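Undergrad: Please find upload.cif (mmCIF, N, CA and C atoms) on the next line:
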```cif
data_query
loop_
_atom_site.label_atom_id
_atom_site.label_comp_id
_atom_site.auth_asym_id
_atom_site.auth_seq_id
_atom_site.Cartn_x
_atom_site.Cartn_y
_atom_site.Cartn_z
N MET V 168 103.15 83.17 63.29
CA MET V 168 101.78 83.65 63.17
C MET V 168 100.83 82.77 63.97
N LEU V 169 101.02 81.45 63.85
CA LEU V 169 100.14 80.51 64.56
C LEU V 169 100.29 80.65 66.07
N SER V 170 101.53 80.85 66.52
CA SER V 170 101.73 80.99 67.97
C SER V 170 101.13 82.30 68.49
N GLU V 171 101.11 83.36 67.65
CA GLU V 171 100.48 84.62 68.07
C GLU V 171 98.98 84.43 68.24
N ILE V 172 98.37 83.67 67.35
CA ILE V 172 96.93 83.42 67.45
C ILE V 172 96.63 82.59 68.68
N ARG V 173 97.47 81.57 68.94
CA ARG V 173 97.28 80.75 70.15
C ARG V 173 97.43 81.60 71.40
N LEU V 174 98.42 82.48 71.39
CA LEU V 174 98.63 83.36 72.54
C LEU V 174 97.42 84.28 72.73
N GLN V 175 96.88 84.79 71.64
CA GLN V 175 95.71 85.66 71.75
C GLN V 175 94.53 84.89 72.31
N TYR V 176 94.32 83.65 71.84
CA TYR V 176 93.23 82.83 72.39
C TYR V 176 93.45 82.54 73.87
N LEU V 177 94.68 82.29 74.24
CA LEU V 177 95.00 82.03 75.65
C LEU V 177 94.73 83.28 76.50
N LEU V 178 95.10 84.45 75.98
CA LEU V 178 94.83 85.70 76.69
C LEU V 178 93.34 85.96 76.81
N ILE V 179 92.60 85.71 75.74
CA ILE V 179 91.15 85.89 75.77
C ILE V 179 90.54 84.96 76.81
N PHE V 180 90.97 83.71 76.81
CA PHE V 180 90.46 82.73 77.79
C PHE V 180 90.80 83.18 79.21
N GLY V 181 92.05 83.58 79.43
CA GLY V 181 92.48 84.01 80.77
C GLY V 181 91.73 85.23 81.27
N THR V 182 91.50 86.20 80.39
CA THR V 182 90.79 87.39 80.83
C THR V 182 89.32 87.10 81.10
N PHE V 183 88.72 86.20 80.33
CA PHE V 183 87.34 85.83 80.62
C PHE V 183 87.24 85.01 81.91
N VAL V 184 88.25 84.21 82.20
CA VAL V 184 88.28 83.49 83.48
C VAL V 184 88.35 84.48 84.63
N LEU V 185 89.20 85.50 84.49
CA LEU V 185 89.29 86.55 85.51
C LEU V 185 87.95 87.25 85.68
N LEU V 186 87.33 87.62 84.59
CA LEU V 186 86.03 88.29 84.65
C LEU V 186 84.99 87.38 85.31
N GLY V 187 85.02 86.10 84.95
CA GLY V 187 84.08 85.15 85.55
C GLY V 187 84.30 84.98 87.04
N MET V 188 85.57 84.95 87.46
CA MET V 188 85.87 84.84 88.89
C MET V 188 85.34 86.03 89.67
N ILE V 189 85.50 87.22 89.10
CA ILE V 189 85.03 88.42 89.78
C ILE V 189 83.51 88.40 89.89
N VAL V 190 82.84 88.03 88.79
CA VAL V 190 81.37 87.95 88.82
C VAL V 190 80.92 86.89 89.83
N LEU V 191 81.62 85.76 89.88
CA LEU V 191 81.29 84.70 90.84
C LEU V 191 81.48 85.17 92.27
N LEU V 192 82.54 85.91 92.54
CA LEU V 192 82.77 86.46 93.88
C LEU V 192 81.65 87.43 94.27
N ILE V 193 81.21 88.22 93.31
CA ILE V 193 80.11 89.15 93.58
C ILE V 193 78.83 88.37 93.84
N LYS V 194 78.57 87.36 93.01
CA LYS V 194 77.35 86.57 93.13
C LYS V 194 77.29 85.84 94.47
N ASN V 195 78.43 85.30 94.91
CA ASN V 195 78.48 84.57 96.18
C ASN V 195 78.67 85.50 97.37
N GLU V 196 78.61 86.80 97.13
CA GLU V 196 78.75 87.83 98.16
C GLU V 196 80.07 87.72 98.94
N LYS V 197 81.12 87.33 98.25
CA LYS V 197 82.45 87.30 98.85
C LYS V 197 83.12 88.67 98.74
N ILE V 198 82.63 89.48 97.78
CA ILE V 198 83.14 90.83 97.60
C ILE V 198 81.95 91.71 97.23
N GLU V 199 81.94 92.92 97.79
CA GLU V 199 80.85 93.84 97.50
C GLU V 199 81.07 94.50 96.15
N ILE V 200 79.98 94.89 95.54
CA ILE V 200 80.05 95.49 94.20
C ILE V 200 80.89 96.76 94.21
N LYS V 201 80.75 97.57 95.27
CA LYS V 201 81.50 98.83 95.30
C LYS V 201 83.00 98.61 95.32
N TYR V 202 83.44 97.46 95.86
CA TYR V 202 84.87 97.17 95.85
C TYR V 202 85.28 96.41 94.59
N ALA V 203 84.33 95.81 93.93
CA ALA V 203 84.63 95.02 92.75
C ALA V 203 84.61 95.84 91.47
N ILE V 204 84.14 97.07 91.54
CA ILE V 204 84.03 97.88 90.32
C ILE V 204 85.39 98.04 89.64
N ILE V 205 86.42 98.32 90.42
CA ILE V 205 87.74 98.51 89.81
C ILE V 205 88.25 97.20 89.20
N TRP V 206 87.93 96.07 89.85
CA TRP V 206 88.32 94.77 89.29
C TRP V 206 87.57 94.50 87.99
N LEU V 207 86.30 94.86 87.96
CA LEU V 207 85.51 94.69 86.73
C LEU V 207 86.06 95.57 85.62
N CYS V 208 86.44 96.80 85.94
CA CYS V 208 87.04 97.68 84.94
C CYS V 208 88.35 97.10 84.43
N PHE V 209 89.18 96.62 85.36
CA PHE V 209 90.46 96.04 84.98
C PHE V 209 90.27 94.84 84.05
N SER V 210 89.39 93.93 84.43
CA SER V 210 89.19 92.75 83.59
C SER V 210 88.54 93.12 82.26
N GLY V 211 87.66 94.12 82.27
CA GLY V 211 87.07 94.58 81.01
C GLY V 211 88.11 95.14 80.06
N VAL V 212 89.02 95.96 80.59
CA VAL V 212 90.10 96.51 79.76
C VAL V 212 90.99 95.39 79.23
N MET V 213 91.31 94.41 80.08
CA MET V 213 92.15 93.31 79.63
C MET V 213 91.44 92.45 78.57
N VAL V 214 90.12 92.29 78.71
CA VAL V 214 89.36 91.57 77.67
C VAL V 214 89.46 92.32 76.35
N LEU V 215 89.27 93.64 76.40
CA LEU V 215 89.39 94.44 75.17
C LEU V 215 90.79 94.33 74.56
N PHE V 216 91.80 94.42 75.40
CA PHE V 216 93.18 94.31 74.91
C PHE V 216 93.46 92.95 74.29
N SER V 217 92.89 91.90 74.88
CA SER V 217 93.18 90.56 74.35
C SER V 217 92.39 90.27 73.08
N ILE V 218 91.17 90.79 72.98
CA ILE V 218 90.37 90.56 71.77
C ILE V 218 90.83 91.47 70.63
N PHE V 219 91.12 92.72 70.96
CA PHE V 219 91.55 93.69 69.95
C PHE V 219 92.95 94.20 70.27
N PRO V 220 93.99 93.42 69.96
CA PRO V 220 95.36 93.86 70.32
C PRO V 220 95.80 95.12 69.59
N GLN V 221 95.13 95.48 68.50
CA GLN V 221 95.52 96.70 67.81
C GLN V 221 95.26 97.94 68.68
N ILE V 222 94.34 97.83 69.65
CA ILE V 222 94.12 98.94 70.59
C ILE V 222 95.39 99.22 71.37
N VAL V 223 96.09 98.16 71.76
CA VAL V 223 97.33 98.32 72.50
C VAL V 223 98.37 99.04 71.64
N TYR V 224 98.45 98.66 70.37
CA TYR V 224 99.41 99.31 69.48
C TYR V 224 99.08 100.79 69.29
N ILE V 225 97.79 101.09 69.09
CA ILE V 225 97.37 102.48 68.87
C ILE V 225 97.62 103.32 70.12
N LEU V 226 97.18 102.81 71.29
CA LEU V 226 97.39 103.56 72.53
C LEU V 226 98.87 103.68 72.88
N GLY V 227 99.64 102.63 72.54
CA GLY V 227 101.09 102.70 72.76
C GLY V 227 101.73 103.78 71.91
N ASP V 228 101.27 103.92 70.66
CA ASP V 228 101.79 104.98 69.79
C ASP V 228 101.39 106.36 70.30
N ILE V 229 100.14 106.48 70.78
CA ILE V 229 99.67 107.77 71.28
C ILE V 229 100.47 108.19 72.51
N THR V 230 100.72 107.24 73.41
CA THR V 230 101.47 107.56 74.64
C THR V 230 102.98 107.49 74.44
N ARG V 231 103.39 107.16 73.23
CA ARG V 231 104.81 107.07 72.85
C ARG V 231 105.57 106.01 73.64
N VAL V 232 104.86 104.93 73.98
CA VAL V 232 105.52 103.79 74.61
C VAL V 232 106.10 102.94 73.48
N ILE V 233 107.37 102.62 73.57
CA ILE V 233 108.07 101.97 72.46
C ILE V 233 107.54 100.56 72.20
N ASN V 234 107.40 99.79 73.27
CA ASN V 234 106.98 98.39 73.13
C ASN V 234 105.55 98.24 73.63
N PRO V 235 104.66 97.63 72.85
CA PRO V 235 103.26 97.47 73.29
C PRO V 235 103.12 96.69 74.60
N VAL V 236 104.02 95.76 74.86
CA VAL V 236 103.96 95.00 76.10
C VAL V 236 104.19 95.94 77.29
N ASN V 237 105.08 96.91 77.11
CA ASN V 237 105.31 97.88 78.18
C ASN V 237 104.06 98.71 78.45
N PHE V 238 103.29 99.00 77.41
CA PHE V 238 102.04 99.73 77.60
C PHE V 238 101.06 98.90 78.44
N VAL V 239 100.97 97.61 78.14
CA VAL V 239 100.09 96.73 78.92
C VAL V 239 100.55 96.68 80.37
N PHE V 240 101.85 96.55 80.59
CA PHE V 240 102.37 96.56 81.96
C PHE V 240 102.06 97.88 82.66
N MET V 241 102.18 98.99 81.92
CA MET V 241 101.89 100.30 82.50
C MET V 241 100.42 100.36 82.94
N ILE V 242 99.52 99.90 82.10
CA ILE V 242 98.09 99.89 82.43
C ILE V 242 97.85 99.02 83.65
N GLN V 243 98.49 97.85 83.70
CA GLN V 243 98.32 96.95 84.84
C GLN V 243 98.84 97.60 86.12
N ILE V 244 99.95 98.27 86.05
CA ILE V 244 100.51 98.94 87.23
C ILE V 244 99.57 100.05 87.70
N ILE V 245 98.99 100.79 86.75
CA ILE V 245 98.04 101.84 87.12
C ILE V 245 96.84 101.24 87.85
N PHE V 246 96.31 100.12 87.33
CA PHE V 246 95.17 99.48 87.99
C PHE V 246 95.56 98.94 89.36
N ILE V 247 96.76 98.39 89.47
CA ILE V 247 97.22 97.90 90.78
C ILE V 247 97.31 99.04 91.77
N LEU V 248 97.82 100.19 91.34
CA LEU V 248 97.90 101.35 92.22
C LEU V 248 96.51 101.83 92.62
N LEU V 249 95.57 101.83 91.68
CA LEU V 249 94.19 102.20 92.02
C LEU V 249 93.59 101.24 93.03
N ILE V 250 93.86 99.96 92.87
CA ILE V 250 93.36 98.96 93.81
C ILE V 250 93.98 99.17 95.19
N LEU V 251 95.28 99.46 95.23
CA LEU V 251 95.94 99.69 96.51
C LEU V 251 95.38 100.93 97.22
N VAL V 252 95.14 101.99 96.46
CA VAL V 252 94.56 103.19 97.06
C VAL V 252 93.16 102.89 97.57
N SER V 253 92.38 102.15 96.79
CA SER V 253 91.03 101.79 97.20
C SER V 253 91.04 100.96 98.48
N VAL V 254 91.91 99.97 98.54
CA VAL V 254 92.01 99.12 99.72
C VAL V 254 92.49 99.94 100.93
N SER V 255 93.42 100.84 100.71
CA SER V 255 93.90 101.69 101.80
C SER V 255 92.78 102.57 102.35
N ALA V 256 91.95 103.09 101.47
CA ALA V 256 90.83 103.92 101.92
C ALA V 256 89.84 103.09 102.73
N VAL V 257 89.57 101.88 102.29
CA VAL V 257 88.66 100.99 103.02
C VAL V 257 89.23 100.65 104.39
N ILE V 258 90.50 100.32 104.44
CA ILE V 258 91.15 99.97 105.70
C ILE V 258 91.14 101.16 106.66
N SER V 259 91.39 102.36 106.14
CA SER V 259 91.36 103.55 106.98
C SER V 259 89.97 103.77 107.56
N GLY V 260 88.95 103.56 106.74
CA GLY V 260 87.58 103.69 107.24
C GLY V 260 87.28 102.69 108.33
N PHE V 261 87.69 101.44 108.11
CA PHE V 261 87.48 100.41 109.13
C PHE V 261 88.25 100.74 110.40
N SER V 262 89.45 101.27 110.26
CA SER V 262 90.26 101.62 111.43
C SER V 262 89.55 102.68 112.27
N ARG V 263 88.99 103.71 111.61
CA ARG V 263 88.24 104.73 112.35
C ARG V 263 87.03 104.13 113.04
N LYS V 264 86.31 103.25 112.36
CA LYS V 264 85.12 102.63 112.95
C LYS V 264 85.48 101.74 114.13
N ILE V 265 86.58 101.01 114.03
CA ILE V 265 87.02 100.14 115.12
C ILE V 265 87.42 100.99 116.33
N LYS V 266 88.09 102.10 116.07
CA LYS V 266 88.50 102.99 117.17
C LYS V 266 87.27 103.53 117.90
N ARG V 267 86.27 104.00 117.14
CA ARG V 267 85.04 104.51 117.76
C ARG V 267 84.31 103.41 118.52
N LEU V 268 84.30 102.20 117.95
CA LEU V 268 83.63 101.08 118.60
C LEU V 268 84.33 100.72 119.90
N ALA V 269 85.65 100.71 119.90
CA ALA V 269 86.40 100.41 121.13
C ALA V 269 86.15 101.47 122.19
N GLN V 270 86.09 102.73 121.77
CA GLN V 270 85.84 103.80 122.74
C GLN V 270 84.44 103.70 123.33
N SER V 271 83.44 103.45 122.49
CA SER V 271 82.08 103.33 123.02
C SER V 271 81.95 102.08 123.89
N ASN V 272 82.66 101.02 123.55
CA ASN V 272 82.65 99.81 124.36
C ASN V 272 83.26 100.08 125.73
N ALA V 273 84.35 100.83 125.77
CA ALA V 273 84.98 101.17 127.04
C ALA V 273 84.04 102.02 127.90
N LEU V 274 83.36 102.97 127.28
CA LEU V 274 82.41 103.79 128.03
C LEU V 274 81.26 102.95 128.59
N LEU V 275 80.76 102.01 127.78
CA LEU V 275 79.69 101.13 128.26
C LEU V 275 80.17 100.23 129.40
N GLU V 276 81.38 99.72 129.30
CA GLU V 276 81.92 98.90 130.38
C GLU V 276 82.05 99.70 131.67
N LYS V 277 82.50 100.95 131.56
CA LYS V 277 82.62 101.81 132.73
C LYS V 277 81.25 102.04 133.35
N ARG V 278 80.27 102.28 132.52
CA ARG V 278 78.91 102.52 133.01
C ARG V 278 78.34 101.29 133.69
N VAL V 279 78.59 100.11 133.12
CA VAL V 279 78.11 98.86 133.72
C VAL V 279 78.77 98.65 135.08
N ARG V 280 80.08 98.89 135.17
CA ARG V 280 80.78 98.75 136.45
C ARG V 280 80.22 99.70 137.50
N GLU V 281 79.95 100.94 137.09
CA GLU V 281 79.39 101.91 138.03
C GLU V 281 78.00 101.47 138.50
N LEU V 282 77.19 100.96 137.57
CA LEU V 282 75.85 100.48 137.95
C LEU V 282 75.94 99.26 138.86
N GLU V 283 76.88 98.37 138.59
CA GLU V 283 77.06 97.19 139.45
C GLU V 283 77.48 97.61 140.85
N GLU V 284 78.38 98.59 140.94
CA GLU V 284 78.81 99.08 142.25
C GLU V 284 77.66 99.76 142.98
N LYS V 285 76.85 100.49 142.25
CA LYS V 285 75.71 101.17 142.86
C LYS V 285 74.71 100.15 143.40
N ILE V 286 74.45 99.10 142.61
CA ILE V 286 73.53 98.06 143.06
C ILE V 286 74.10 97.35 144.27
N LYS V 287 75.39 97.08 144.25
CA LYS V 287 76.05 96.39 145.37
C LYS V 287 75.99 97.25 146.65
N SER V 288 76.20 98.54 146.49
CA SER V 288 76.15 99.41 147.68
C SER V 288 74.72 99.60 148.18
N ASP V 289 73.73 99.56 147.30
CA ASP V 289 72.33 99.69 147.72
C ASP V 289 71.88 98.44 148.51
N LYS V 290 72.41 97.30 148.19
CA LYS V 290 72.05 96.06 148.88
C LYS V 290 72.61 96.06 150.29
N GLU V 291 73.71 96.71 150.52
CA GLU V 291 74.35 96.68 151.84
C GLU V 291 73.76 97.66 152.73
#
```
Taking this structure as input, can you express it in the form of structure tokens?

TA:
Amino acid sequence: MLSEIRLQYLLIFGTFVLLGMIVLLIKNEKIEIKYAIIWLCFSGVMVLFSIFPQIVYILGDITRVINPVNFVFMIQIIFILLILVSVSAVISGFSRKIKRLAQSNALLEKRVRELEEKIKSDKE
């Protein structure tokens, strides 16, 4: 019983540290809020699970997961998949923007070369 209480306190501490790190990253502008929302949701759910472990038991019974730890792992995997999809969408957007930027840069370089040649031929 005593070790379960210690474990719960350790989980509460760990989840609040995670939540604090995310808030600190947002505050220091290391991560934008729109990308941190899923992290905030994840840490919020983990805080709830660590403070009220009976939620895990109830949700595990509802979803018919035999072991409550497996339910927690399932939730973590779902959040990891959501984070991966989110990151993939961001990377895809950046990839499109970089492609457009490279194309416009190439067009500008071509235009500069043509103008330089025109100026050079006008001088002669």

Undergrad: Enclose the full set of atoms of segment 216-233 of chain V listed in the file within a box whose edges lie along x, y and z, apply 8 Å of padding to each of the six sides, and report centre and edge lengths in Å to one decimal as JSON.

TA:
```
{"center_x": 99.2, "center_y": 99.2, "center_z": 71.6, "size_x": 33.7, "size_y": 33.9, "size_z": 23.6}
```

Undergrad: Just the residues within 12 Å of Val254 of chain V, please, counting only C-alpha atoms, with nothing from its chain fewer than 3 positions along; format it as a JSON list (two decimals) with N, CA and C atoms, keeping the file's coordinate frame.

TA:
```json
[["chain", "number", "residue", "atom", "x", "y", "z"],
["V", 201, "LYS", "N", 80.75, 97.57, 95.27],
["V", 201, "LYS", "CA", 81.50, 98.83, 95.30],
["V", 201, "LYS", "C", 83.00, 98.61, 95.32],
["V", 202, "TYR", "N", 83.44, 97.46, 95.86],
["V", 202, "TYR", "CA", 84.87, 97.17, 95.85],
["V", 202, "TYR", "C", 85.28, 96.41, 94.59],
["V", 203, "ALA", "N", 84.33, 95.81, 93.93],
["V", 203, "ALA", "CA", 84.63, 95.02, 92.75],
["V", 203, "ALA", "C", 84.61, 95.84, 91.47],
["V", 205, "ILE", "N", 86.42, 98.32, 90.42],
["V", 205, "ILE", "CA", 87.74, 98.51, 89.81],
["V", 205, "ILE", "C", 88.25, 97.20, 89.20],
["V", 206, "TRP", "N", 87.93, 96.07, 89.85],
["V", 206, "TRP", "CA", 88.32, 94.77, 89.29],
["V", 206, "TRP", "C", 87.57, 94.50, 87.99],
["V", 247, "ILE", "N", 96.76, 98.39, 89.47],
["V", 247, "ILE", "CA", 97.22, 97.90, 90.78],
["V", 247, "ILE", "C", 97.31, 99.04, 91.77],
["V", 248, "LEU", "N", 97.82, 100.19, 91.34],
["V", 248, "LEU", "CA", 97.90, 101.35, 92.22],
["V", 248, "LEU", "C", 96.51, 101.83, 92.62],
["V", 249, "LEU", "N", 95.57, 101.83, 91.68],
["V", 249, "LEU", "CA", 94.19, 102.20, 92.02],
["V", 249, "LEU", "C", 93.59, 101.24, 93.03],
["V", 250, "ILE", "N", 93.86, 99.96, 92.87],
["V", 250, "ILE", "CA", 93.36, 98.96, 93.81],
["V", 250, "ILE", "C", 93.98, 99.17, 95.19],
["V", 251, "LEU", "N", 95.28, 99.46, 95.23],
["V", 251, "LEU", "CA", 95.94, 99.69, 96.51],
["V", 251, "LEU", "C", 95.38, 100.93, 97.22],
["V", 257, "VAL", "N", 89.57, 101.88, 102.29],
["V", 257, "VAL", "CA", 88.66, 100.99, 103.02],
["V", 257, "VAL", "C", 89.23, 100.65, 104.39],
["V", 258, "ILE", "N", 90.50, 100.32, 104.44],
["V", 258, "ILE", "CA", 91.15, 99.97, 105.70],
["V", 258, "ILE", "C", 91.14, 101.16, 106.66],
["V", 259, "SER", "N", 91.39, 102.36, 106.14],
["V", 259, "SER", "CA", 91.36, 103.55, 106.98],
["V", 259, "SER", "C", 89.97, 103.77, 107.56],
["V", 260, "GLY", "N", 88.95, 103.56, 106.74],
["V", 260, "GLY", "CA", 87.58, 103.69, 107.24],
["V", 260, "GLY", "C", 87.28, 102.69, 108.33],
["V", 261, "PHE", "N", 87.69, 101.44, 108.11],
["V", 261, "PHE", "CA", 87.48, 100.41, 109.13],
["V", 261, "PHE", "C", 88.25, 100.74, 110.40]]
```

Undergrad: Kindly provide the residues of segment 236-274 of chain V that approach segment 207-227 of chain V to within 7 Å, each paired with its closest atom pair and their distance in Å to one decimal, based on all atoms listed in the file, listed by chain and increasing number, as a tab-separated table.

TA:
```
residue	atom	partner	partner_atom	distance
V:Phe238	CA	V:Gly227	CA	5.8
V:Val239	N	V:Val223	CA	6.8
V:Phe246	CA	V:Phe209	CA	6.6
```
